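> target-v6.cif (mmCIF, C-alpha atoms) pasted underneath:
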```
data_start
loop_
_atom_site.group_PDB
_atom_site.id
_atom_site.type_symbol
_atom_site.label_atom_id
_atom_site.label_comp_id
_atom_site.auth_asym_id
_atom_site.auth_seq_id
_atom_site.Cartn_x
_atom_site.Cartn_y
_atom_site.Cartn_z
ATOM 1 C CA MET Z 12 0.000 0.000 0.000
ATOM 2 C CA ARG Z 13 1.314 3.434 -0.928
ATOM 3 C CA THR Z 14 1.578 5.965 1.877
ATOM 4 C CA ARG Z 15 2.649 9.546 2.344
ATOM 5 C CA THR Z 16 4.284 11.105 5.386
ATOM 6 C CA GLU Z 17 2.535 13.998 7.088
ATOM 7 C CA THR Z 18 3.976 16.161 9.852
ATOM 8 C CA ARG Z 19 1.604 17.111 12.645
ATOM 9 C CA THR Z 20 1.819 19.045 15.901
ATOM 10 C CA ARG Z 21 0.524 18.086 19.312
ATOM 11 C CA GLN Z 22 0.856 19.500 22.801
ATOM 12 C CA VAL Z 23 2.629 17.434 25.478
ATOM 13 C CA ALA Z 24 3.349 18.093 29.126
ATOM 14 C CA HIS Z 25 6.965 18.995 29.902
ATOM 15 C CA THR Z 26 8.210 19.456 33.484
ATOM 16 C CA ILE Z 27 11.298 21.357 34.617
ATOM 17 C CA ASP Z 28 12.065 22.015 38.276
ATOM 18 C CA GLY Z 29 8.638 20.735 39.234
ATOM 19 C CA GLU Z 30 6.780 23.154 36.949
ATOM 20 C CA THR Z 31 4.793 21.617 34.104
ATOM 21 C CA GLU Z 32 3.931 23.413 30.887
ATOM 22 C CA LEU Z 33 2.220 22.261 27.678
ATOM 23 C CA VAL Z 34 4.636 22.580 24.761
ATOM 24 C CA ASP Z 35 4.263 21.844 21.057
ATOM 25 C CA GLU Z 36 5.796 18.651 19.708
ATOM 26 C CA THR Z 37 6.003 17.637 16.062
ATOM 27 C CA TYR Z 38 5.598 14.065 14.936
ATOM 28 C CA THR Z 39 5.083 12.234 11.654
ATOM 29 C CA VAL Z 40 2.370 9.833 10.596
ATOM 30 C CA ALA Z 41 2.056 7.610 7.548
ATOM 31 C CA ILE Z 42 -1.240 8.172 5.751
ATOM 32 C CA PRO Z 43 -2.357 5.556 3.206
ATOM 33 C CA LEU Z 44 -2.951 6.894 -0.284
ATOM 34 C CA PRO Z 45 -6.008 5.900 -2.300
ATOM 35 C CA PRO Z 46 -5.409 3.961 -5.518
ATOM 36 C CA ARG Z 47 -4.884 5.977 -8.679
ATOM 37 C CA ASP Z 48 -8.088 7.057 -10.374
ATOM 38 C CA TRP Z 49 -7.141 6.422 -13.976
ATOM 39 C CA ASP Z 50 -10.531 7.615 -15.222
ATOM 40 C CA HIS Z 51 -9.985 10.983 -13.580
ATOM 41 C CA ILE Z 52 -6.441 11.155 -14.908
ATOM 42 C CA ALA Z 53 -7.666 10.375 -18.421
ATOM 43 C CA LEU Z 54 -10.384 13.043 -18.188
ATOM 44 C CA ASN Z 55 -7.867 15.618 -16.995
ATOM 45 C CA THR Z 56 -5.595 14.711 -19.898
ATOM 46 C CA VAL Z 57 -8.421 15.149 -22.402
ATOM 47 C CA THR Z 58 -9.395 18.450 -20.793
ATOM 48 C CA ALA Z 59 -5.851 19.808 -20.997
ATOM 49 C CA SER Z 60 -5.411 18.739 -24.624
ATOM 50 C CA THR Z 61 -8.783 20.221 -25.584
ATOM 51 C CA ALA Z 62 -7.899 23.493 -23.892
ATOM 52 C CA ALA Z 63 -4.667 23.562 -25.909
ATOM 53 C CA LEU Z 64 -6.705 22.909 -29.072
ATOM 54 C CA VAL Z 65 -9.043 25.785 -28.249
ATOM 55 C CA LEU Z 66 -6.055 28.075 -27.676
ATOM 56 C CA ALA Z 67 -4.563 27.056 -31.028
ATOM 57 C CA SER Z 68 -7.930 27.705 -32.666
ATOM 58 C CA VAL Z 69 -8.117 31.182 -31.183
ATOM 59 C CA VAL Z 70 -4.571 32.012 -32.302
ATOM 60 C CA TRP Z 71 -5.072 30.712 -35.829
ATOM 61 C CA SER Z 72 -8.514 32.256 -36.310
ATOM 62 C CA THR Z 73 -7.269 35.596 -35.001
ATOM 63 C CA ALA Z 74 -4.314 35.530 -37.366
ATOM 64 C CA SER Z 75 -6.440 34.597 -40.396
ATOM 65 C CA ALA Z 76 -9.397 36.863 -39.674
ATOM 66 C CA GLY Z 77 -7.068 39.683 -38.637
ATOM 67 C CA ASP Z 78 -5.207 39.485 -41.941
ATOM 68 C CA LEU Z 79 -8.560 39.460 -43.718
ATOM 69 C CA LEU Z 80 -9.836 42.543 -41.865
ATOM 70 C CA ALA Z 81 -6.485 44.311 -42.277
ATOM 71 C CA ARG Z 82 -7.384 44.804 -45.941
ATOM 72 C CA ALA Z 83 -9.957 47.397 -44.819
ATOM 73 C CA ALA Z 84 -8.580 48.683 -41.496
ATOM 74 C CA ALA Z 85 -5.350 49.288 -39.643
ATOM 75 C CA ALA Z 86 -3.616 46.128 -38.471
ATOM 76 C CA PRO Z 87 -3.967 46.761 -34.703
ATOM 77 C CA VAL Z 88 -7.686 47.423 -35.078
ATOM 78 C CA ALA Z 89 -8.176 44.460 -37.408
ATOM 79 C CA TYR Z 90 -6.462 41.915 -35.159
ATOM 80 C CA SER Z 91 -8.198 43.278 -32.062
ATOM 81 C CA ALA Z 92 -11.580 42.781 -33.718
ATOM 82 C CA ALA Z 93 -10.660 39.383 -35.196
ATOM 83 C CA ILE Z 94 -10.386 37.746 -31.785
ATOM 84 C CA ALA Z 95 -14.160 38.098 -31.437
ATOM 85 C CA PHE Z 96 -14.764 35.360 -34.019
ATOM 86 C CA ASP Z 97 -13.702 32.614 -31.596
ATOM 87 C CA LEU Z 98 -14.395 34.305 -28.278
ATOM 88 C CA VAL Z 99 -18.104 34.555 -29.020
ATOM 89 C CA TRP Z 100 -18.675 30.824 -29.489
ATOM 90 C CA ILE Z 101 -16.394 30.072 -26.524
ATOM 91 C CA ASN Z 102 -18.469 32.382 -24.313
ATOM 92 C CA CYS Z 103 -21.654 30.780 -25.620
ATOM 93 C CA MET Z 104 -20.354 27.351 -24.625
ATOM 94 C CA ILE Z 105 -19.602 28.617 -21.115
ATOM 95 C CA LEU Z 106 -23.135 30.006 -20.817
ATOM 96 C CA GLU Z 107 -24.534 26.721 -22.106
ATOM 97 C CA TRP Z 108 -22.547 24.865 -19.435
ATOM 98 C CA LEU Z 109 -23.833 27.149 -16.682
ATOM 99 C CA ALA Z 110 -27.422 26.461 -17.791
ATOM 100 C CA ARG Z 111 -26.897 22.728 -18.275
ATOM 101 C CA TYR Z 112 -29.675 21.819 -15.800
ATOM 102 C CA ASP Z 113 -32.198 24.087 -17.538
ATOM 103 C CA PRO Z 114 -32.692 22.908 -21.145
ATOM 104 C CA GLU Z 115 -34.777 25.950 -22.098
ATOM 105 C CA ARG Z 116 -32.110 28.420 -20.981
ATOM 106 C CA ALA Z 117 -29.294 26.345 -22.497
ATOM 107 C CA ALA Z 118 -30.942 26.231 -25.926
ATOM 108 C CA LEU Z 119 -30.303 29.893 -26.793
ATOM 109 C CA PRO Z 120 -26.523 29.950 -26.073
ATOM 110 C CA ARG Z 121 -26.216 26.601 -27.901
ATOM 111 C CA ARG Z 122 -27.802 28.012 -31.060
ATOM 112 C CA ALA Z 123 -25.845 31.254 -30.740
ATOM 113 C CA GLY Z 124 -22.613 29.272 -30.350
ATOM 114 C CA HIS Z 125 -23.274 27.307 -33.528
ATOM 115 C CA THR Z 126 -24.004 30.536 -35.406
ATOM 116 C CA ALA Z 127 -20.839 32.211 -34.105
ATOM 117 C CA LEU Z 128 -18.797 29.143 -35.010
ATOM 118 C CA GLY Z 129 -20.209 29.239 -38.539
ATOM 119 C CA VAL Z 130 -19.193 32.893 -38.894
ATOM 120 C CA ALA Z 131 -15.662 32.119 -37.657
ATOM 121 C CA VAL Z 132 -15.337 29.202 -40.081
ATOM 122 C CA LEU Z 133 -16.511 31.353 -42.997
ATOM 123 C CA ALA Z 134 -14.060 34.130 -42.097
ATOM 124 C CA VAL Z 135 -11.093 31.753 -41.975
ATOM 125 C CA GLY Z 136 -12.203 30.019 -45.186
ATOM 126 C CA ALA Z 137 -12.620 33.355 -46.951
ATOM 127 C CA HIS Z 138 -9.100 34.341 -45.972
ATOM 128 C CA GLY Z 139 -7.708 31.143 -47.505
ATOM 129 C CA TRP Z 140 -9.731 31.677 -50.672
ATOM 130 C CA LEU Z 141 -8.450 35.264 -51.037
ATOM 131 C CA GLU Z 142 -4.908 33.987 -50.579
ATOM 132 C CA ASP Z 143 -5.449 31.578 -53.503
ATOM 133 C CA SER Z 144 -5.240 28.579 -51.200
ATOM 134 C CA LEU Z 145 -8.754 27.231 -50.724
ATOM 135 C CA THR Z 146 -7.454 23.918 -49.358
ATOM 136 C CA VAL Z 147 -5.510 25.686 -46.619
ATOM 137 C CA GLY Z 148 -8.549 27.819 -45.872
ATOM 138 C CA ILE Z 149 -10.784 24.759 -45.454
ATOM 139 C CA ALA Z 150 -8.222 23.016 -43.260
ATOM 140 C CA ALA Z 151 -7.759 26.124 -41.133
ATOM 141 C CA ALA Z 152 -11.502 26.604 -40.769
ATOM 142 C CA ALA Z 153 -11.828 23.008 -39.563
ATOM 143 C CA ILE Z 154 -9.616 23.845 -36.552
ATOM 144 C CA SER Z 155 -12.337 25.950 -34.943
ATOM 145 C CA ALA Z 156 -14.962 23.305 -35.664
ATOM 146 C CA LEU Z 157 -12.788 20.578 -34.145
ATOM 147 C CA ALA Z 158 -12.042 22.711 -31.097
ATOM 148 C CA LYS Z 159 -15.743 23.305 -30.438
ATOM 149 C CA ALA Z 160 -16.572 19.649 -30.988
ATOM 150 C CA GLY Z 161 -13.835 18.548 -28.610
ATOM 151 C CA TRP Z 162 -14.880 21.001 -25.923
ATOM 152 C CA THR Z 163 -18.518 19.937 -26.286
ATOM 153 C CA LEU Z 164 -17.523 16.323 -25.628
ATOM 154 C CA VAL Z 165 -15.433 17.316 -22.610
ATOM 155 C CA LEU Z 166 -18.258 19.307 -21.056
ATOM 156 C CA ARG Z 167 -20.644 16.434 -21.651
ATOM 157 C CA ALA Z 168 -18.226 14.093 -19.880
ATOM 158 C CA TYR Z 169 -18.207 16.370 -16.824
ATOM 159 C CA ALA Z 170 -21.968 16.897 -16.788
ATOM 160 C CA ARG Z 171 -24.183 14.601 -14.742
ATOM 161 C CA PRO Z 172 -27.696 14.247 -16.179
ATOM 162 C CA LEU Z 173 -30.627 14.639 -13.799
ATOM 163 C CA ASP Z 174 -33.973 12.912 -13.968
ATOM 164 C CA ALA Z 175 -37.024 15.071 -14.678
ATOM 165 C CA ARG Z 176 -38.260 15.331 -11.082
ATOM 166 C CA THR Z 177 -34.831 16.169 -9.656
ATOM 167 C CA GLN Z 178 -34.321 18.774 -12.370
ATOM 168 C CA ALA Z 179 -37.713 20.368 -11.581
ATOM 169 C CA TRP Z 180 -36.849 20.416 -7.868
ATOM 170 C CA LEU Z 181 -33.505 22.077 -8.580
ATOM 171 C CA LEU Z 182 -35.069 24.700 -10.841
ATOM 172 C CA GLN Z 183 -37.613 25.622 -8.164
ATOM 173 C CA ARG Z 184 -34.887 26.033 -5.559
ATOM 174 C CA GLN Z 185 -32.870 28.166 -7.978
ATOM 175 C CA ALA Z 186 -35.936 30.299 -8.693
ATOM 176 C CA ARG Z 187 -36.512 30.954 -4.979
ATOM 177 C CA ALA Z 188 -32.835 31.759 -4.442
ATOM 178 C CA GLY Z 189 -32.896 34.110 -7.422
ATOM 179 C CA ALA Z 190 -36.016 35.822 -6.076
ATOM 180 C CA ARG Z 191 -34.346 36.382 -2.703
ATOM 181 C CA LEU Z 192 -31.239 37.741 -4.410
ATOM 182 C CA ALA Z 193 -33.303 40.108 -6.565
ATOM 183 C CA LEU Z 194 -35.321 41.259 -3.537
ATOM 184 C CA GLN Z 195 -32.164 42.025 -1.581
ATOM 185 C CA GLY Z 196 -30.825 44.090 -4.453
ATOM 186 C CA GLN Z 197 -34.075 46.048 -4.740
ATOM 187 C CA LEU Z 198 -34.181 46.656 -0.984
ATOM 188 C CA ARG Z 199 -30.643 48.034 -1.115
ATOM 189 C CA HIS Z 200 -31.715 50.231 -4.028
ATOM 190 C CA LEU Z 201 -34.714 51.554 -2.081
ATOM 191 C CA ALA Z 202 -32.508 52.207 0.947
ATOM 192 C CA ARG Z 203 -30.164 54.290 -1.209
ATOM 193 C CA ILE Z 204 -33.134 56.253 -2.575
ATOM 194 C CA GLU Z 205 -34.457 56.916 0.905
ATOM 195 C CA ALA Z 206 -31.013 58.009 2.068
ATOM 196 C CA ARG Z 207 -30.854 60.574 -0.763
ATOM 197 C CA THR Z 208 -34.416 61.838 -0.214
ATOM 198 C CA PRO Z 209 -34.299 65.376 1.196
ATOM 199 C CA ILE Z 210 -36.025 65.922 4.534
ATOM 200 C CA ARG Z 211 -39.232 67.909 4.133
ATOM 201 C CA THR Z 212 -39.903 70.765 6.536
ATOM 202 C CA SER Z 213 -43.136 72.399 7.624
ATOM 203 C CA PRO Z 214 -44.014 75.839 6.233
ATOM 204 C CA ASP Z 215 -42.811 78.820 8.232
ATOM 205 C CA PRO Z 216 -45.366 80.143 10.725
ATOM 206 C CA ASP Z 217 -47.158 83.384 9.983
ATOM 207 C CA PRO Z 218 -45.020 86.140 11.512
ATOM 208 C CA ASP Z 219 -48.102 88.387 11.849
ATOM 209 C CA GLY Z 220 -50.230 85.767 13.565
ATOM 210 C CA PRO Z 221 -50.644 85.291 17.299
ATOM 211 C CA ASP Z 222 -47.965 83.408 19.182
ATOM 212 C CA GLN Z 223 -48.647 79.702 19.443
ATOM 213 C CA PRO Z 224 -48.211 77.981 22.783
ATOM 214 C CA ALA Z 225 -45.302 75.594 23.045
ATOM 215 C CA SER Z 226 -46.397 72.015 22.586
ATOM 216 C CA SER Z 227 -45.706 69.530 25.298
ATOM 217 C CA PRO Z 228 -44.109 66.098 24.620
ATOM 218 C CA ASP Z 229 -47.487 64.460 25.214
ATOM 219 C CA GLN Z 230 -49.148 66.377 22.382
ATOM 220 C CA ASP Z 231 -49.060 65.304 18.782
ATOM 221 C CA PRO Z 232 -46.434 67.219 16.786
ATOM 222 C CA PRO Z 233 -47.691 69.368 13.930
ATOM 223 C CA SER Z 234 -48.343 67.547 10.693
ATOM 224 C CA GLU Z 235 -46.471 68.330 7.485
ATOM 225 C CA LEU Z 236 -48.820 69.959 4.994
ATOM 226 C CA THR Z 237 -46.458 70.334 2.049
ATOM 227 C CA ALA Z 238 -46.599 66.733 0.811
ATOM 228 C CA PRO Z 239 -47.783 63.257 1.873
ATOM 229 C CA MET Z 240 -45.794 62.080 4.863
ATOM 230 C CA THR Z 241 -43.778 58.864 4.805
ATOM 231 C CA VAL Z 242 -43.308 56.535 7.760
ATOM 232 C CA LYS Z 243 -39.678 57.591 8.038
ATOM 233 C CA ASP Z 244 -40.580 61.290 8.124
ATOM 234 C CA ALA Z 245 -43.301 60.674 10.694
ATOM 235 C CA VAL Z 246 -40.835 58.896 12.985
ATOM 236 C CA ARG Z 247 -38.361 61.761 12.605
ATOM 237 C CA ILE Z 248 -40.978 64.396 13.400
ATOM 238 C CA ALA Z 249 -42.209 62.464 16.433
ATOM 239 C CA VAL Z 250 -38.713 62.142 17.884
ATOM 240 C CA ASP Z 251 -37.850 65.768 17.134
ATOM 241 C CA SER Z 252 -41.042 66.767 18.937
ATOM 242 C CA GLY Z 253 -40.054 64.925 22.102
ATOM 243 C CA ILE Z 254 -42.059 61.712 21.679
ATOM 244 C CA THR Z 255 -39.690 58.914 22.641
ATOM 245 C CA ASP Z 256 -41.995 56.111 23.750
ATOM 246 C CA PRO Z 257 -42.141 53.477 20.931
ATOM 247 C CA ASP Z 258 -45.895 52.944 21.364
ATOM 248 C CA ALA Z 259 -46.541 56.677 21.198
ATOM 249 C CA VAL Z 260 -44.368 56.985 18.088
ATOM 250 C CA LEU Z 261 -46.239 54.081 16.466
ATOM 251 C CA ALA Z 262 -49.589 55.704 17.278
ATOM 252 C CA TYR Z 263 -48.454 58.992 15.752
ATOM 253 C CA VAL Z 264 -47.132 57.276 12.588
ATOM 254 C CA ARG Z 265 -50.415 55.416 12.123
ATOM 255 C CA LYS Z 266 -52.346 58.644 12.603
ATOM 256 C CA ARG Z 267 -50.268 60.893 10.343
ATOM 257 C CA ALA Z 268 -48.613 58.638 7.734
ATOM 258 C CA ASP Z 269 -49.860 55.058 7.375
ATOM 259 C CA ALA Z 270 -52.689 53.495 9.343
ATOM 260 C CA ASN Z 271 -51.260 50.044 8.637
ATOM 261 C CA ALA Z 272 -47.645 50.827 9.529
ATOM 262 C CA ALA Z 273 -45.894 47.813 11.042
ATOM 263 C CA ALA Z 274 -44.444 48.187 14.506
ATOM 264 C CA GLU Z 275 -41.224 46.495 13.374
ATOM 265 C CA THR Z 276 -40.725 49.057 10.595
ATOM 266 C CA VAL Z 277 -41.375 51.982 12.941
ATOM 267 C CA ASN Z 278 -38.981 50.599 15.557
ATOM 268 C CA ARG Z 279 -36.303 50.094 12.901
ATOM 269 C CA TYR Z 280 -36.579 53.719 11.746
ATOM 270 C CA LEU Z 281 -36.646 54.811 15.394
ATOM 271 C CA ARG Z 282 -33.359 53.010 16.092
ATOM 272 C CA LEU Z 283 -31.751 54.381 12.943
ATOM 273 C CA TYR Z 284 -32.815 57.926 13.753
ATOM 274 C CA ARG Z 285 -31.537 57.677 17.328
ATOM 275 C CA LYS Z 286 -28.156 56.412 16.093
ATOM 276 C CA GLY Z 287 -27.866 59.277 13.627
ATOM 277 C CA ALA Z 288 -28.847 61.910 16.173
#
```
Please express the file's structure as structure tokens.

Amino acid sequence: MRTRTETRTRQVAHTIDGETELVDETYTVAIPLPPRDWDHIALNTVTASTAALVLASVVWSTASAGDLLARAAAAPVAYSAAIAFDLVWINCMILEWLARYDPERAALPRRAGHTALGVAVLAVGAHGWLEDSLTVGIAAAAISALAKAGWTLVLRAYARPLDARTQAWLLQRQARAGARLALQGQLRHLARIEARTPIRTSPDPDPDGPDQPASSPDQDPPSELTAPMTVKDAVRIAVDSGITDPDAVLAYVRKRADANAAAETVNRYLRLYRKGA
């Protein structure tokens, strides 16, 4: 049985002059190794060789398509644009792999990848035909097709098919997770909007009118007449007016802003406003 040596550390008691301390001690253990997984090794070999084939395809297609486009544009611009011929179908294959458990979503990147591959093949073939070497053009165009075919087989070897019921279960879980993710993003967006919303103020009192008596903390603060009041504004006005009891703040919010305001929401705004004060 094959083994490998691993160094570990443990604490042992060590005594000097009657005083004992725990000190670190290193020791080695022999750990048995599992047998070689030749299937995994073979799959890794195929994956590496296919990746090299895809890289060669990108280099060759870029060189051919770049030389073709250089007839109408500057060389740097032409070669920069030529790399798109292979990158598009490679990106489509990645998107197809990510949607492998959802056949409906995987269908669109699969069709788009085939279309992009056809465009790349035509561009490389056209370059060979313009160079008076149609045979070379056909052979060069086949490189991209072989690279895509090889990568398709590799991805299929890695994929594990699911039965219909398991696939439906997985899609439902993904849908719920996506809904929670989208809701969190929208809540953060609303929070940013509320943070940027300017605080509304009441109109100035009439300087020629009679003096108003000062309101006590037990009285309702004046309502804002300039615009409909939000729950957040109602909480702010209540606190600024001296109402600090959560139940009293909730009663004021339900009276002035929203009759169905949740106590949890009011308490959350109350805590935020107190922290910012």
> Evaluate the PyMOL selection byres ((chain Z and resi 182) around 12) on the structure here and hand back the selected residues as a list of chain:residue names.
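Evaluating the PyMOL selection byres ((chain Z and resi 182) around 12) on these coordinates yields Z:Ala110, Z:Arg111, Z:Tyr112, Z:Asp113, Z:Pro114, Z:Glu115, Z:Arg116, Z:Leu173, Z:Ala175, Z:Arg176, Z:Thr177, Z:Gln178, Z:Ala179, Z:Trp180, Z:Leu181, Z:Gln183, Z:Arg184, Z:Gln185, Z:Ala186, Z:Arg187, Z:Ala188, Z:Gly189.
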> Let me make sure I understand: among Z:Leu194, Z:Arg282, Z:Val250, Z:Thr241, which one has the smallest atom-to-atom distance to Ala268 in chain Z if we use all atoms listed in the file?
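Comparing Z:Leu194, Z:Arg282, Z:Val250, Z:Thr241 against Ala268 in chain Z, the winner is Z:Thr241.
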> Could you tell me which residues the PyMOL selection byres ((chain Z and resi 91-108) around 9) returns for this structure, as a ChimeraX atom specification?
/Z:65,68-70,72-80,86-90,109-112,116-128,130-132,134,155,159,162-163,166-167,170
> I would like the residues chosen by the PyMOL selection byres ((chain Z and resi 281) around 12) on the shown file; could you give them as a VMD selection string?
chain Z and resid 242 to 251 254 to 261 264 274 to 280 282 to 288
> I'd like the interatomic distance between CA of Ala153 in chain Z and CA of Ala168 in chain Z, to a tenth of an Å.
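Those two atoms sit 22.5 Å apart.
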> What box, with edges along x, y and z, holds each listed atom of range 165-170 of chain Z when 3 Å is added on every side, and can you state its centre and edge lengths in Å to one decimal, as JSON?

```
{"center_x": -18.7, "center_y": 16.7, "center_z": -19.7, "size_x": 12.5, "size_y": 11.2, "size_z": 11.8}
```
> In Å to one decimal, how far is CA of Val165 in chain Z from CA of Leu44 in chain Z?
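Separating CA of Leu44 in chain Z from CA of Val165 in chain Z is a distance of 27.6 Å.
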> Between CA of Leu66 in chain Z and CA of Ala84 in chain Z, what is the distance in Å, rounded to a tenth?
24.9 Å
> Would you mind telling me which residue in Z:Ala62, Z:Thr20, Z:Met12, Z:Val135 lies nearest to Pro43 in chain Z when using all atoms listed in the file?
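The answer is Z:Met12, which sits nearest to Pro43 in chain Z.
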